[in-house]
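As structure tokens, the structure follows; a few thoughts come after it.
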Amino acid sequence: MIIPTFQELYASIRTDIKNRLSIISSATKKVYFAFSAVQAGKLKIFYLALAQVYKNIFVDQADYDTIVRMGQVKLGRLPYPAVAGEYTLNVSGTIGASIAAGTTFKSLDTSTSPDSIFTLDTVFTFIGTTCTISVRSLEPGADSRLEVADELQVTAPIANVDSFSDVASVDVAPVAEEDIEEYRLNVIQAFRVEPQGGAKTDYMLWSQDAAGVRRSYPYAISGELGNINLYIEAFVSDSSDGKGTPTGAIKTDVEAVVEYDPDTTKPNYERGRRPMGTFIINFLDITPLDVDVEIKDLTVGADISAISTAIETFIYQIRPYINGGDPPADQNDRLYEADIYRIVRDVLLAGETFTSIELIVDSVSVDLYTFENGDIPYLNSVTVV
């Protein structure tokens, strides 16, 4: 919707009044000039309000409150909040020694997330010299994520208790708060596709009921009737490697929601999902493939950081195309060397140049690479040669 400027409205109103009333007197002109300015201001407010209404008609442009309301209707949920991680720790001490509720542990510098704080919610008393306790992170989200064997230290010494402990298992995987734009994409996809009783689109939609999942890619296994490979991609912030590989907990959650609808407002007989005739579902990690870009003879001083950011943003949208699951118009599974040329040229300032670019995917120089079967691109490096 095009919103006219104040000056455009003012000029239009002034011209209309002048023509309709045939105003000639200079004294009268001052009055209708002022009147025109007042009316232009009012109309400007009306246009802005109308533009806001127009914007919120469509899911792709709706503001936060409206897109959340649409999501509640279409997805049946709000954006996922951040989830604090919960872990089982191996601890050692003297039989009879106790660890008070509220005791805090700090992850060591060598852990996955250094200097994060975790707390014990209930008092624990040793019944052996080596036991396990359950702790939770005081910081929701993936910034305090730990992995098995990460070490922690109690923040204040405890009598007859070893100050150091290590992670025995991840009980609840930490998940970052769902970004509103990612939530918007899920809502858009839910509007575009409809449940089909076990079609590819169903697996793609079901997987998004698990927190931390960006997308999933279902494939029927050739020659194995009723068997499916379901590749799972996590959001970068929730992934185990910062590249989209899901954690074990996320894969477990996907397996649960594919089998059974997590919406507890539905009757139990409506919550089963796996269709008859599907025997085996292999829940698999996506495979990030390193993408390296070499730019030859780039002008000294060119903003290589801006180039890297632009390329990374572009390839984040390059993903396997699911035939029969994705709209044909959205096929975006191919990365061309020509794409990289265009991106670099768009970023460079006037007078900045280069002579050639080499695109390297999975250590192989290519002009074109098609990503499929769970392979996704990940920008590894941009270098000047």
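Please note that chains go A, B, ... in the order of the structure tokens, that every chain numbers its residues from 1, and that ligands are numbered from 1 in the order shown.
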Got a sec: who's within 7 Å of A:Leu138, counting only C-alpha atoms, leaving out chain neighbours fewer than 4 positions off, as a ChimeraX atom specification?
/A:117-119
When DSSP works through the backbone of this structure, what residues of stretch 155-304 of chain A end up as strand (DSSP E), shown as a PyMOL selection string?
chain A and resi 164-172+213-220+227-234+280-285+287-296
Take the residues from that selection and put them in a file with N, CA and C atoms, as a compact mmCIF listing (two decimals), in the first residue's frame.
```
# COMPACT_ATOMS: atom_id res chain seq x y z
N PHE A 164 34.59 -31.10 42.19
CA PHE A 164 34.44 -31.25 40.74
C PHE A 164 33.46 -32.37 40.41
N SER A 165 32.72 -32.17 39.34
CA SER A 165 31.77 -33.17 38.86
C SER A 165 31.76 -33.12 37.33
N ASP A 166 31.12 -34.10 36.72
CA ASP A 166 31.02 -34.10 35.25
C ASP A 166 29.62 -34.54 34.83
N VAL A 167 29.26 -34.19 33.60
CA VAL A 167 27.91 -34.46 33.09
C VAL A 167 27.81 -35.93 32.70
N ALA A 168 26.83 -36.61 33.29
CA ALA A 168 26.59 -38.01 32.96
C ALA A 168 25.59 -38.14 31.81
N SER A 169 24.60 -37.25 31.78
CA SER A 169 23.59 -37.31 30.71
C SER A 169 22.90 -35.96 30.59
N VAL A 170 22.36 -35.72 29.41
CA VAL A 170 21.54 -34.53 29.16
C VAL A 170 20.09 -34.96 29.26
N ASP A 171 19.39 -34.46 30.29
CA ASP A 171 18.01 -34.88 30.53
C ASP A 171 17.01 -34.00 29.76
N VAL A 172 17.24 -32.71 29.75
CA VAL A 172 16.42 -31.77 28.98
C VAL A 172 17.36 -30.88 28.19
N VAL A 213 13.51 -27.25 16.08
CA VAL A 213 13.58 -27.78 14.72
C VAL A 213 13.32 -26.66 13.72
N ARG A 214 14.24 -26.49 12.79
CA ARG A 214 14.03 -25.51 11.71
C ARG A 214 13.25 -26.14 10.56
N ARG A 215 13.72 -27.30 10.09
CA ARG A 215 13.04 -28.00 8.99
C ARG A 215 13.33 -29.49 9.09
N SER A 216 12.54 -30.26 8.37
CA SER A 216 12.85 -31.68 8.22
C SER A 216 12.67 -32.05 6.76
N TYR A 217 13.34 -33.13 6.35
CA TYR A 217 13.37 -33.52 4.94
C TYR A 217 13.05 -35.01 4.84
N PRO A 218 11.79 -35.36 4.51
CA PRO A 218 11.40 -36.77 4.43
C PRO A 218 11.66 -37.37 3.05
N TYR A 219 12.18 -38.59 3.04
CA TYR A 219 12.43 -39.33 1.79
C TYR A 219 11.95 -40.76 1.95
N ALA A 220 11.22 -41.26 0.97
CA ALA A 220 10.90 -42.68 0.94
C ALA A 220 12.16 -43.43 0.49
N ASN A 227 9.20 -47.65 4.43
CA ASN A 227 10.33 -47.16 5.24
C ASN A 227 10.71 -45.75 4.80
N ILE A 228 11.03 -44.90 5.77
CA ILE A 228 11.28 -43.48 5.51
C ILE A 228 12.56 -43.03 6.18
N ASN A 229 13.31 -42.18 5.48
CA ASN A 229 14.41 -41.44 6.09
C ASN A 229 13.94 -40.02 6.34
N LEU A 230 14.00 -39.59 7.59
CA LEU A 230 13.59 -38.23 7.94
C LEU A 230 14.81 -37.49 8.48
N TYR A 231 15.34 -36.59 7.65
CA TYR A 231 16.51 -35.80 8.05
C TYR A 231 16.03 -34.57 8.81
N ILE A 232 16.67 -34.28 9.93
CA ILE A 232 16.22 -33.21 10.82
C ILE A 232 17.28 -32.12 10.89
N GLU A 233 16.85 -30.88 10.69
CA GLU A 233 17.73 -29.72 10.80
C GLU A 233 17.28 -28.86 11.98
N ALA A 234 18.20 -28.52 12.85
CA ALA A 234 17.90 -27.65 13.99
C ALA A 234 18.27 -26.21 13.65
N ILE A 280 9.06 -48.28 9.28
CA ILE A 280 10.30 -47.81 9.89
C ILE A 280 10.51 -46.35 9.50
N ILE A 281 10.76 -45.51 10.50
CA ILE A 281 11.15 -44.12 10.26
C ILE A 281 12.55 -43.94 10.84
N ASN A 282 13.51 -43.68 9.99
CA ASN A 282 14.87 -43.42 10.44
C ASN A 282 15.04 -41.92 10.68
N PHE A 283 15.22 -41.54 11.94
CA PHE A 283 15.39 -40.13 12.30
C PHE A 283 16.88 -39.81 12.22
N LEU A 284 17.25 -39.02 11.22
CA LEU A 284 18.66 -38.83 10.88
C LEU A 284 19.08 -37.37 11.00
N ASP A 285 20.37 -37.18 11.26
CA ASP A 285 20.94 -35.83 11.24
C ASP A 285 21.10 -35.35 9.81
N THR A 287 23.43 -33.36 7.08
CA THR A 287 24.89 -33.37 6.92
C THR A 287 25.34 -32.01 6.41
N PRO A 288 25.93 -31.16 7.28
CA PRO A 288 26.43 -29.87 6.80
C PRO A 288 27.67 -30.07 5.92
N LEU A 289 27.64 -29.47 4.74
CA LEU A 289 28.80 -29.52 3.85
C LEU A 289 29.47 -28.15 3.83
N ASP A 290 30.77 -28.14 4.08
CA ASP A 290 31.51 -26.89 4.11
C ASP A 290 31.52 -26.22 2.75
N VAL A 291 31.24 -24.93 2.74
CA VAL A 291 31.33 -24.12 1.53
C VAL A 291 32.46 -23.12 1.74
N ASP A 292 33.44 -23.16 0.86
CA ASP A 292 34.56 -22.23 0.91
C ASP A 292 34.56 -21.38 -0.36
N VAL A 293 34.82 -20.09 -0.19
CA VAL A 293 34.84 -19.17 -1.31
C VAL A 293 36.21 -18.51 -1.36
N GLU A 294 36.86 -18.61 -2.53
CA GLU A 294 38.16 -17.97 -2.73
C GLU A 294 38.00 -16.86 -3.77
N ILE A 295 38.36 -15.64 -3.37
CA ILE A 295 38.23 -14.48 -4.25
C ILE A 295 39.64 -14.05 -4.66
N LYS A 296 39.86 -14.01 -5.95
CA LYS A 296 41.19 -13.68 -6.45
C LYS A 296 41.31 -12.19 -6.75
```
Report, in Å to a single decimal, how far apart atom CA of A:Arg136 and atom CA of A:Thr122 are.
11.2 Å
Could you list, as a PyMOL selection string, every residue within 12 Å of A:Thr383, counting only C-alpha atoms and ignoring same-chain residues fewer than 2 positions away?
chain A and resi 291-298+302-305+307-308+357-360+379-381+385
Please produce a file of the residues just selected, as a short mmCIF file (atom, residue, chain, number, x, y, z; two decimals), in the first residue's frame, where the atoms kept are N, CA and C atoms.
```
data_model
loop_
_atom_site.label_atom_id
_atom_site.label_comp_id
_atom_site.auth_asym_id
_atom_site.auth_seq_id
_atom_site.Cartn_x
_atom_site.Cartn_y
_atom_site.Cartn_z
N VAL A 291 31.24 -24.93 2.74
CA VAL A 291 31.33 -24.12 1.53
C VAL A 291 32.46 -23.12 1.74
N ASP A 292 33.44 -23.16 0.86
CA ASP A 292 34.56 -22.23 0.91
C ASP A 292 34.56 -21.38 -0.36
N VAL A 293 34.82 -20.09 -0.19
CA VAL A 293 34.84 -19.17 -1.31
C VAL A 293 36.21 -18.51 -1.36
N GLU A 294 36.86 -18.61 -2.53
CA GLU A 294 38.16 -17.97 -2.73
C GLU A 294 38.00 -16.86 -3.77
N ILE A 295 38.36 -15.64 -3.37
CA ILE A 295 38.23 -14.48 -4.25
C ILE A 295 39.64 -14.05 -4.66
N LYS A 296 39.86 -14.01 -5.95
CA LYS A 296 41.19 -13.68 -6.45
C LYS A 296 41.31 -12.19 -6.75
N ASP A 297 42.42 -11.63 -6.28
CA ASP A 297 42.79 -10.22 -6.57
C ASP A 297 41.73 -9.23 -6.10
N LEU A 298 41.14 -9.47 -4.94
CA LEU A 298 40.18 -8.52 -4.39
C LEU A 298 40.90 -7.25 -3.96
N ALA A 302 38.75 -3.93 0.84
CA ALA A 302 37.35 -4.29 0.64
C ALA A 302 36.83 -5.01 1.88
N ASP A 303 35.57 -4.81 2.18
CA ASP A 303 34.98 -5.33 3.41
C ASP A 303 34.69 -6.83 3.28
N ILE A 304 35.67 -7.65 3.64
CA ILE A 304 35.52 -9.09 3.52
C ILE A 304 34.48 -9.62 4.51
N SER A 305 34.30 -8.93 5.65
CA SER A 305 33.31 -9.34 6.63
C SER A 305 31.90 -9.17 6.07
N ILE A 307 31.09 -9.21 2.94
CA ILE A 307 30.93 -10.23 1.90
C ILE A 307 30.57 -11.57 2.52
N SER A 308 31.26 -11.94 3.60
CA SER A 308 30.99 -13.21 4.27
C SER A 308 29.57 -13.26 4.81
N ILE A 357 36.38 -15.86 -8.97
CA ILE A 357 35.93 -16.51 -7.73
C ILE A 357 35.92 -18.01 -7.93
N GLU A 358 36.33 -18.74 -6.91
CA GLU A 358 36.24 -20.20 -6.93
C GLU A 358 35.33 -20.65 -5.81
N LEU A 359 34.32 -21.44 -6.17
CA LEU A 359 33.37 -22.00 -5.20
C LEU A 359 33.77 -23.44 -4.90
N ILE A 360 33.97 -23.74 -3.62
CA ILE A 360 34.41 -25.07 -3.21
C ILE A 360 33.38 -25.63 -2.22
N LEU A 379 28.68 -22.10 5.39
CA LEU A 379 29.83 -21.29 4.99
C LEU A 379 30.99 -21.53 5.94
N ASN A 380 32.07 -22.06 5.41
CA ASN A 380 33.24 -22.37 6.22
C ASN A 380 34.25 -21.22 6.19
N SER A 381 34.48 -20.65 5.00
CA SER A 381 35.47 -19.57 4.91
C SER A 381 35.28 -18.76 3.64
N VAL A 385 42.76 -14.66 -2.38
CA VAL A 385 43.97 -15.33 -2.88
C VAL A 385 44.60 -14.50 -3.99
#
```
Atom CA of A:Val258 to atom CA of A:Tyr321: how many Å, to one decimal?
20.6 Å
Can you tell me which residues surround A:Tyr80 at a distance of at most 12 Å, considering only C-alpha atoms, apart from same-chain residues fewer than 5 positions away, and format the answer as a PDB file with N, CA and C atoms, in the first residue's frame?
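Result went into selection24.pdb, see below:
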```
ATOM      1  N   VAL A  68       1.471 -13.824  16.021  1.00  0.00           N
ATOM      2  CA  VAL A  68       1.311 -14.776  17.123  1.00  0.00           C
ATOM      3  C   VAL A  68      -0.127 -15.265  17.196  1.00  0.00           C
ATOM      4  N   GLY A  71      -0.605 -17.673  14.446  1.00  0.00           N
ATOM      5  CA  GLY A  71       0.069 -18.921  14.784  1.00  0.00           C
ATOM      6  C   GLY A  71      -0.715 -19.756  15.771  1.00  0.00           C
ATOM      7  N   GLN A  72      -1.368 -19.095  16.737  1.00  0.00           N
ATOM      8  CA  GLN A  72      -2.189 -19.834  17.694  1.00  0.00           C
ATOM      9  C   GLN A  72      -3.340 -20.556  16.989  1.00  0.00           C
ATOM     10  N   LEU A  75      -1.139 -23.025  13.966  1.00  0.00           N
ATOM     11  CA  LEU A  75      -0.206 -24.009  14.519  1.00  0.00           C
ATOM     12  C   LEU A  75      -0.692 -24.578  15.845  1.00  0.00           C
ATOM     13  N   PRO A 140      18.045 -19.826  30.749  1.00  0.00           N
ATOM     14  CA  PRO A 140      17.344 -20.545  29.669  1.00  0.00           C
ATOM     15  C   PRO A 140      18.012 -20.301  28.328  1.00  0.00           C
ATOM     16  N   GLY A 141      17.932 -21.281  27.452  1.00  0.00           N
ATOM     17  CA  GLY A 141      18.496 -21.113  26.123  1.00  0.00           C
ATOM     18  C   GLY A 141      19.764 -21.899  25.908  1.00  0.00           C
ATOM     19  N   PRO A 174      18.726 -27.797  26.262  1.00  0.00           N
ATOM     20  CA  PRO A 174      18.384 -26.373  26.236  1.00  0.00           C
ATOM     21  C   PRO A 174      18.008 -25.935  24.824  1.00  0.00           C
ATOM     22  N   VAL A 175      17.044 -25.053  24.724  1.00  0.00           N
ATOM     23  CA  VAL A 175      16.572 -24.572  23.428  1.00  0.00           C
ATOM     24  C   VAL A 175      16.431 -23.058  23.496  1.00  0.00           C
ATOM     25  N   ALA A 176      16.904 -22.366  22.460  1.00  0.00           N
ATOM     26  CA  ALA A 176      16.769 -20.916  22.410  1.00  0.00           C
ATOM     27  C   ALA A 176      15.328 -20.521  22.137  1.00  0.00           C
ATOM     28  N   GLU A 177      14.957 -19.327  22.538  1.00  0.00           N
ATOM     29  CA  GLU A 177      13.616 -18.812  22.247  1.00  0.00           C
ATOM     30  C   GLU A 177      13.408 -18.771  20.740  1.00  0.00           C
ATOM     31  N   GLU A 178      12.234 -19.176  20.287  1.00  0.00           N
ATOM     32  CA  GLU A 178      11.959 -19.212  18.856  1.00  0.00           C
ATOM     33  C   GLU A 178      11.894 -17.796  18.296  1.00  0.00           C
ATOM     34  N   ASP A 179      12.724 -17.515  17.306  1.00  0.00           N
ATOM     35  CA  ASP A 179      12.737 -16.206  16.670  1.00  0.00           C
ATOM     36  C   ASP A 179      11.399 -15.965  15.970  1.00  0.00           C
ATOM     37  N   ILE A 180      10.888 -14.753  16.066  1.00  0.00           N
ATOM     38  CA  ILE A 180       9.559 -14.475  15.513  1.00  0.00           C
ATOM     39  C   ILE A 180       9.533 -14.650  14.003  1.00  0.00           C
ATOM     40  N   GLU A 182      11.338 -16.877  12.299  1.00  0.00           N
ATOM     41  CA  GLU A 182      11.287 -18.317  12.069  1.00  0.00           C
ATOM     42  C   GLU A 182       9.881 -18.844  12.361  1.00  0.00           C
ATOM     43  N   TYR A 183       9.252 -18.309  13.398  1.00  0.00           N
ATOM     44  CA  TYR A 183       7.862 -18.662  13.717  1.00  0.00           C
ATOM     45  C   TYR A 183       6.949 -18.272  12.559  1.00  0.00           C
ATOM     46  N   ASN A 186       7.103 -20.811   9.830  1.00  0.00           N
ATOM     47  CA  ASN A 186       6.335 -22.008  10.171  1.00  0.00           C
ATOM     48  C   ASN A 186       4.843 -21.782   9.956  1.00  0.00           C
ATOM     49  N   GLN A 208       7.896 -29.844  13.148  1.00  0.00           N
ATOM     50  CA  GLN A 208       7.991 -28.497  13.704  1.00  0.00           C
ATOM     51  C   GLN A 208       7.287 -28.359  15.045  1.00  0.00           C
ATOM     52  N   ASP A 209       6.595 -29.400  15.478  1.00  0.00           N
ATOM     53  CA  ASP A 209       6.020 -29.385  16.820  1.00  0.00           C
ATOM     54  C   ASP A 209       7.081 -29.633  17.886  1.00  0.00           C
ATOM     55  N   ALA A 210       8.284 -29.983  17.479  1.00  0.00           N
ATOM     56  CA  ALA A 210       9.389 -30.163  18.420  1.00  0.00           C
ATOM     57  C   ALA A 210      10.204 -28.876  18.480  1.00  0.00           C
ATOM     58  N   ALA A 211      10.425 -28.363  19.663  1.00  0.00           N
ATOM     59  CA  ALA A 211      11.181 -27.127  19.824  1.00  0.00           C
ATOM     60  C   ALA A 211      12.599 -27.295  19.302  1.00  0.00           C
ATOM     61  N   GLY A 212      13.095 -26.271  18.622  1.00  0.00           N
ATOM     62  CA  GLY A 212      14.465 -26.282  18.119  1.00  0.00           C
ATOM     63  C   GLY A 212      14.605 -26.766  16.699  1.00  0.00           C
ATOM     64  N   VAL A 213      13.509 -27.251  16.084  1.00  0.00           N
ATOM     65  CA  VAL A 213      13.576 -27.780  14.722  1.00  0.00           C
ATOM     66  C   VAL A 213      13.318 -26.662  13.724  1.00  0.00           C
TER      67      VAL A 213
END
```
With distances taken over only C-alpha atoms, which of A:Val73, A:Asp330, A:Ser240, A:Tyr203 is nearest to A:Thr112?
A:Ser240
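Computed from the coordinates, the atom CA of A:Ile13 to atom CA of A:Asn56 distance equals 28.7 Å.
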Using DSSP on the backbone, list every residue of stretch 215-324 of chain A that comes out as alpha helix (DSSP H), and give them as a PDB file with C-alpha atoms, in the first residue's frame.
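Contents of part-v2.pdb, as written:
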```
ATOM      1  CA  GLY A 248      20.062 -36.150  20.508  1.00  0.00           C
ATOM      2  CA  ALA A 249      17.297 -34.614  22.619  1.00  0.00           C
ATOM      3  CA  ILE A 250      15.820 -32.755  19.634  1.00  0.00           C
ATOM      4  CA  LYS A 251      15.777 -35.964  17.575  1.00  0.00           C
ATOM      5  CA  THR A 252      14.025 -37.730  20.446  1.00  0.00           C
ATOM      6  CA  ASP A 253      11.429 -34.942  20.581  1.00  0.00           C
ATOM      7  CA  VAL A 254      10.835 -35.213  16.825  1.00  0.00           C
ATOM      8  CA  GLU A 255      10.316 -38.943  17.123  1.00  0.00           C
ATOM      9  CA  ALA A 256       7.729 -38.333  19.838  1.00  0.00           C
ATOM     10  CA  VAL A 257       5.714 -35.701  17.925  1.00  0.00           C
ATOM     11  CA  VAL A 258       5.738 -37.727  14.707  1.00  0.00           C
ATOM     12  CA  GLU A 259       4.169 -40.598  16.601  1.00  0.00           C
ATOM     13  CA  ILE A 304      35.519  -9.093   3.523  1.00  0.00           C
ATOM     14  CA  SER A 305      33.309  -9.337   6.635  1.00  0.00           C
ATOM     15  CA  ALA A 306      30.322  -7.837   4.792  1.00  0.00           C
ATOM     16  CA  ILE A 307      30.930 -10.228   1.896  1.00  0.00           C
ATOM     17  CA  SER A 308      30.989 -13.210   4.268  1.00  0.00           C
ATOM     18  CA  THR A 309      27.764 -12.114   5.972  1.00  0.00           C
ATOM     19  CA  ALA A 310      25.968 -11.671   2.640  1.00  0.00           C
ATOM     20  CA  ILE A 311      27.069 -15.105   1.399  1.00  0.00           C
ATOM     21  CA  GLU A 312      26.145 -16.762   4.696  1.00  0.00           C
ATOM     22  CA  THR A 313      22.671 -15.184   4.627  1.00  0.00           C
ATOM     23  CA  PHE A 314      22.154 -16.342   1.051  1.00  0.00           C
ATOM     24  CA  ILE A 315      23.199 -19.965   1.517  1.00  0.00           C
TER      25      ILE A 315
END
```
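Closest to A:Glu86 among A:Ser356, A:Thr125, A:Ser107, A:Ser134 is A:Ser134, based on only C-alpha atoms.
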